[in-house]
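Shown next, in C-alpha cells, is the structure this report addresses.
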Amino acid sequence: MAMTQPVHRSRRMQRRYLTAVTIAALVLSMLLTLLSARVASAVGDLTVRVYTDSNRDGDFDSGEPALSGVPVLVYNTDNNLLYSVNTNAFGLAIFPSTPNGNYRVEVTNPANGAPNGTVISLPGPVTPGQDNALVFFVTISGAPVQRDVGLRSLDASGIDPGAPVGVRTVVVRAWDDRDANGIQDAGEPGISGLTLGLYNPSNVLVATAASGPDGTYRFVDNVPANASNYTIRVTGGIPAGWVLTTQDVNFNSEDQRDSDAQLVGGVPRINVPNRPRGVNDDSLDVGFSRGAVSG
Ligand SMILES: [Ca+2]
Ligand SMILES: [Ca+2]
Ligand SMILES: [Ca+2]
Ligand SMILES: [Ca+2]
C-alpha cells in the first residue's frame with residue numbers, strides 16, 4: 001500500500017511528459033511543413049521552348065526541330081530586363097527558381113518576316129494566344145510554367161510555302177492598359193469577350209475572330225495575303241467605362257506591345273499591314289484604359 005501512490009504519481013508524470021513531447025513534436029512538424037511550403041511556393045521554374053512548327057498545327061509535336069541560340073528575354077512589371085538566356089540544343093531557355101510574380105517574355109526573332117527569315121506560327125490550341133507568340137506574359141506562382149513558341153521558315157521569296165495559298169494569320173491582343181501608357185506591361189491582363197471583325201477595303205465584314213480567354217483574338221488563315229487597306233475593328237465600339245489608349249506610342253518603336261488602334265466613327269480600328277502568304281503577325285494590339293490617357 002505504501003508503494004502505490006508514488007508509482008501512480010510517477011506514471012502520471014510519465015504520461016504528461018510523453019503528451020508534452022508528442023505535442024511539441026507535432027507543433028514542430030507543423031511549423032516545418034509550413035516553412036517548407038512557404039519556401040517551395042516562393043519560386044517556379046520558367047521554361048520557354050522555341051521550335052520549328054513543321055506540320056504547322058500550332059502545337060509542339062515530338063520530332064519537330066529545336067531552334068538553338070535564340071535569345072529569350074524576361075522583363076519584370078517595371079520593364080526592367082531581368083534575364084536573357086539563349087535557347088540550348090533542345091530549343092529550351094530555362095529560368096530556374098524565378099520568384100513569384102508577373103513577367104513579360106520576349107523571343108528574339110531576327111529577320112522577322114524577311115526572305116529566308118522566320119515568322120511566328122499559328123496560335124497554339126492548348127493555351128490560346130499564349131503559346132506561339134513572340135511577346136507574351138506569364139505569372140509564376142510556386143509552380144513550373146512552360147510556353148512553347150513555334151516558328152515557320154520563309155523561303156527566298158519571303159513566303160511560307162506550307163501556308164494555304166493567299167492567306168496569313170493575324171493575332172490581335174486586347175488588354176487593360178492599367179497605367180495608360182499605351183504599352184502592354186507585365187501584370188496588365190487581357191480583355192476577353194469583345195467582338196473583333198476583319199473588314200475589306202469596301203468596309204464589308206469578311207471574318208470574325210475566335211477569341212481566347214487571355215484577350216487574344218485569332219484570325220487563323222483568313223486574312224488575305226498581299227492585300228492593302230484591310231482593317232480589324234472592335235465592332236461593338238469602346239466597352240462602357242473604358243477609353244481607347246494611345247496609338248503607336250514611342251514612334252511605334254515597340255510595335256510588339258503597343259496599341260495600334262485609332263478611333264474612327266466611335267469604333268477602334270487597326271490597319272492590317274500588307275504581307276505575303278503565310279507571313280503571320282502577332283504585333284497588332286488594342287489597349288483600353290479606365291483612367292485618363294497619357295500622351
Ligand atoms: Ca506542330
Ligand atoms: Ca501599360
Ligand atoms: Ca504599333
Ligand atoms: Ca502593336
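In the C-alpha cells, the first chain shown is A, the next is B, and so on; residue numbers restart at 1 for each chain, and ligands run from 1 in the order shown.
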At a cut-off of 9 Å and counting only C-alpha atoms and all ligand atoms, what residues surround ligand 2? Please answer as a ChimeraX atom specification. /A:175-188,258,287,289
Only all heavy atoms, please: the residues just picked out, written as a CSV table (one decimal), in the first residue's frame.
```csv
chain,number,residue,atom,x,y,z
A,175,TRP,N,-6.1,44.5,-74.4
A,175,TRP,CA,-5.6,44.4,-73.0
A,175,TRP,C,-6.0,45.6,-72.2
A,175,TRP,O,-6.4,46.7,-72.7
A,175,TRP,CB,-4.1,44.2,-73.0
A,175,TRP,CG,-3.3,45.4,-72.9
A,175,TRP,CD1,-2.7,45.9,-71.7
A,175,TRP,CD2,-2.9,46.3,-73.9
A,175,TRP,NE1,-1.9,47.0,-72.0
A,175,TRP,CE2,-2.1,47.3,-73.4
A,175,TRP,CE3,-3.2,46.3,-75.3
A,175,TRP,CZ2,-1.5,48.3,-74.1
A,175,TRP,CZ3,-2.6,47.4,-76.0
A,175,TRP,CH2,-1.8,48.3,-75.4
A,176,ASP,N,-6.0,45.5,-70.9
A,176,ASP,CA,-6.3,46.5,-69.9
A,176,ASP,C,-5.0,47.3,-69.6
A,176,ASP,O,-4.1,46.8,-68.9
A,176,ASP,CB,-6.8,45.9,-68.6
A,176,ASP,CG,-7.1,46.9,-67.5
A,176,ASP,OD1,-6.8,48.1,-67.7
A,176,ASP,OD2,-7.6,46.5,-66.4
A,177,ASP,N,-4.9,48.5,-70.2
A,177,ASP,CA,-3.7,49.3,-70.1
A,177,ASP,C,-3.7,50.1,-68.8
A,177,ASP,O,-4.0,51.2,-68.8
A,177,ASP,CB,-3.5,50.2,-71.3
A,177,ASP,CG,-2.2,50.9,-71.3
A,177,ASP,OD1,-1.3,50.5,-70.6
A,177,ASP,OD2,-2.1,51.9,-72.1
A,178,ARG,N,-3.4,49.4,-67.7
A,178,ARG,CA,-3.7,49.9,-66.4
A,178,ARG,C,-3.0,51.2,-66.1
A,178,ARG,O,-3.5,52.1,-65.4
A,178,ARG,CB,-3.3,48.9,-65.3
A,178,ARG,CG,-4.3,47.7,-65.3
A,178,ARG,CD,-4.1,46.8,-64.1
A,178,ARG,NE,-5.3,46.0,-64.1
A,178,ARG,CZ,-5.4,44.8,-63.4
A,178,ARG,NH1,-4.3,44.5,-62.6
A,178,ARG,NH2,-6.5,44.1,-63.3
A,179,ASP,N,-1.8,51.4,-66.6
A,179,ASP,CA,-1.1,52.7,-66.4
A,179,ASP,C,-1.2,53.6,-67.5
A,179,ASP,O,-0.6,54.7,-67.6
A,179,ASP,CB,0.4,52.4,-66.1
A,179,ASP,CG,1.1,51.7,-67.2
A,179,ASP,OD1,0.5,51.4,-68.2
A,179,ASP,OD2,2.4,51.5,-67.1
A,180,ALA,N,-2.1,53.3,-68.5
A,180,ALA,CA,-2.5,54.2,-69.6
A,180,ALA,C,-1.3,54.7,-70.4
A,180,ALA,O,-1.3,55.8,-70.8
A,180,ALA,CB,-3.4,55.3,-69.1
A,181,ASN,N,-0.2,53.9,-70.5
A,181,ASN,CA,1.0,54.3,-71.2
A,181,ASN,C,1.0,53.8,-72.7
A,181,ASN,O,2.0,54.1,-73.4
A,181,ASN,CB,2.2,54.0,-70.5
A,181,ASN,CG,2.5,52.5,-70.5
A,181,ASN,OD1,1.6,51.7,-70.8
A,181,ASN,ND2,3.7,52.1,-70.1
A,182,GLY,N,-0.1,53.1,-73.1
A,182,GLY,CA,-0.2,52.7,-74.5
A,182,GLY,C,0.7,51.5,-74.8
A,182,GLY,O,0.8,51.1,-75.9
A,183,ILE,N,1.2,50.9,-73.8
A,183,ILE,CA,2.2,49.7,-73.9
A,183,ILE,C,1.7,48.6,-73.0
A,183,ILE,O,1.2,48.8,-71.9
A,183,ILE,CB,3.6,50.1,-73.5
A,183,ILE,CG1,4.2,51.2,-74.4
A,183,ILE,CG2,4.5,48.9,-73.4
A,183,ILE,CD1,4.8,50.7,-75.7
A,184,GLN,N,1.8,47.3,-73.5
A,184,GLN,CA,1.4,46.2,-72.7
A,184,GLN,C,2.6,45.9,-71.8
A,184,GLN,O,3.7,45.6,-72.2
A,184,GLN,CB,1.2,44.9,-73.6
A,184,GLN,CG,0.0,45.1,-74.5
A,184,GLN,CD,0.0,43.9,-75.5
A,184,GLN,OE1,-0.3,42.8,-75.1
A,184,GLN,NE2,0.3,44.2,-76.7
A,185,ASP,N,2.3,46.0,-70.5
A,185,ASP,CA,3.3,45.7,-69.4
A,185,ASP,C,2.9,44.4,-68.7
A,185,ASP,O,1.8,44.0,-68.7
A,185,ASP,CB,3.3,46.9,-68.4
A,185,ASP,CG,3.7,48.2,-69.1
A,185,ASP,OD1,4.8,48.3,-69.6
A,185,ASP,OD2,2.8,49.1,-69.2
A,186,ALA,N,3.9,43.8,-68.1
A,186,ALA,CA,3.7,42.6,-67.3
A,186,ALA,C,2.7,42.9,-66.2
A,186,ALA,O,2.7,44.0,-65.6
A,186,ALA,CB,5.0,42.1,-66.7
A,187,GLY,N,1.7,42.0,-66.0
A,187,GLY,CA,0.7,42.2,-65.0
A,187,GLY,C,-0.5,42.9,-65.5
A,187,GLY,O,-1.5,43.1,-64.8
A,188,GLU,N,-0.5,43.4,-66.8
A,188,GLU,CA,-1.7,44.0,-67.3
A,188,GLU,C,-2.5,42.9,-68.0
A,188,GLU,O,-2.0,42.4,-69.0
A,188,GLU,CB,-1.4,45.2,-68.3
A,188,GLU,CG,-0.7,46.3,-67.6
A,188,GLU,CD,-0.4,47.5,-68.4
A,188,GLU,OE1,-0.2,47.4,-69.7
A,188,GLU,OE2,-0.3,48.6,-67.9
A,258,ASP,N,2.8,47.7,-78.3
A,258,ASP,CA,2.0,48.9,-78.3
A,258,ASP,C,0.6,48.7,-78.8
A,258,ASP,O,0.2,47.7,-79.3
A,258,ASP,CB,2.7,50.1,-79.0
A,258,ASP,CG,2.7,49.9,-80.5
A,258,ASP,OD1,2.0,49.0,-81.1
A,258,ASP,OD2,3.4,50.7,-81.2
A,287,GLY,N,-5.5,48.6,-76.9
A,287,GLY,CA,-5.4,48.8,-75.4
A,287,GLY,C,-6.6,49.7,-75.0
A,287,GLY,O,-6.9,50.7,-75.6
A,289,SER,N,-8.1,51.7,-71.4
A,289,SER,CA,-7.8,52.2,-70.1
A,289,SER,C,-9.0,52.7,-69.3
A,289,SER,O,-9.9,53.2,-70.0
A,289,SER,CB,-6.7,53.2,-70.2
A,289,SER,OG,-6.5,53.9,-68.9
```
Which residues come within 10 Å of Val223 (chain A), counting only C-alpha atoms, excluding same-chain residues fewer than 2 positions away, as an MDAnalysis selection string? chainID A and resid 166:170 198:200 206:207 219:221 225:227 230:232 272 274:275 277:278 280
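Close contacts of region 100-112 of chain A, defined as residues with an atom at most 6 Å away when counting only C-alpha atoms, with chain neighbours fewer than 3 positions off set aside, comprise Ala42, Val43, Pro71, Val72, Leu73, Val74, Tyr75, Asn76, Gly117, Thr118, Val119, Leu134, Val135, Phe136, Phe137, Val138, Thr139, Ile140, Ser141, Ala186 and Gly187 of chain A.
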Show me which residues sit within 6 Å of ligand 4 when counting only C-alpha atoms and all ligand atoms, and put them as a list in words. Asp255, Gln256, Arg257, Asp258, Ser259, Asp260, Ser283, Leu284 and Asp285 of chain A
Using only C-alpha atoms and all ligand atoms, which residues of the polymer chains come no farther than 12 Å from ligand 1? I'd like the answer as a VMD selection string. chain A and resid 50 to 66 121 to 125 131 to 132 148 to 152
Would you pick out the contacts of Arg173 (chain A) at 8 Å or less, using only C-alpha atoms, so that residues sharing its chain but fewer than 6 positions from it are not included, and give the list as a ChimeraX atom specification? /A:190,215-217,284-286
Take the residues that were just selected and, keeping N, CA, C and O atoms, output them as a CSV table (one decimal), in the first residue's frame.
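The resulting again_17.csv:
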```
chain,number,residue,atom,x,y,z
A,190,GLY,N,-5.4,40.6,-70.2
A,190,GLY,CA,-6.1,40.7,-71.4
A,190,GLY,C,-7.6,41.0,-71.2
A,190,GLY,O,-8.1,40.9,-70.1
A,215,GLY,N,-7.5,37.4,-73.8
A,215,GLY,CA,-7.5,38.7,-74.6
A,215,GLY,C,-7.0,38.6,-76.0
A,215,GLY,O,-6.8,39.6,-76.6
A,216,THR,N,-6.7,37.4,-76.5
A,216,THR,CA,-6.2,37.3,-77.9
A,216,THR,C,-7.4,36.9,-78.8
A,216,THR,O,-8.3,36.2,-78.4
A,217,TYR,N,-7.3,37.5,-80.0
A,217,TYR,CA,-8.4,37.3,-81.0
A,217,TYR,C,-7.7,36.9,-82.2
A,217,TYR,O,-6.8,37.5,-82.7
A,284,LEU,N,-0.3,43.1,-83.6
A,284,LEU,CA,-1.4,44.1,-83.6
A,284,LEU,C,-2.2,44.0,-82.3
A,284,LEU,O,-2.5,42.9,-81.8
A,285,ASP,N,-2.4,45.1,-81.7
A,285,ASP,CA,-3.0,45.1,-80.3
A,285,ASP,C,-3.9,46.3,-80.2
A,285,ASP,O,-3.9,47.3,-80.9
A,286,VAL,N,-4.9,46.2,-79.2
A,286,VAL,CA,-5.7,47.3,-78.9
A,286,VAL,C,-5.8,47.4,-77.4
A,286,VAL,O,-6.2,46.4,-76.7
```
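If only C-alpha atoms and all ligand atoms are the atoms counted, then among A:Asn271, A:Thr77, A:Gln247, A:Thr195 the closest residue to ligand 3 is A:Gln247.
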Which of region 64-278 of chain A DSSP labels strand (DSSP E or B), written as a ChimeraX atom specification: /A:66,71-75,81-86,92-99,101-107,118-120,135-140,145-153,167-176,183,190,196-199,205-208,210-211,216-224,230-234,243-244,258,262-264,267-272
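The shortest atom-to-atom distance to ligand 3, with only C-alpha atoms and all ligand atoms taken into account, belongs to A:Ala261 out of A:Ala261, A:Val145, A:Val243, A:Val172.
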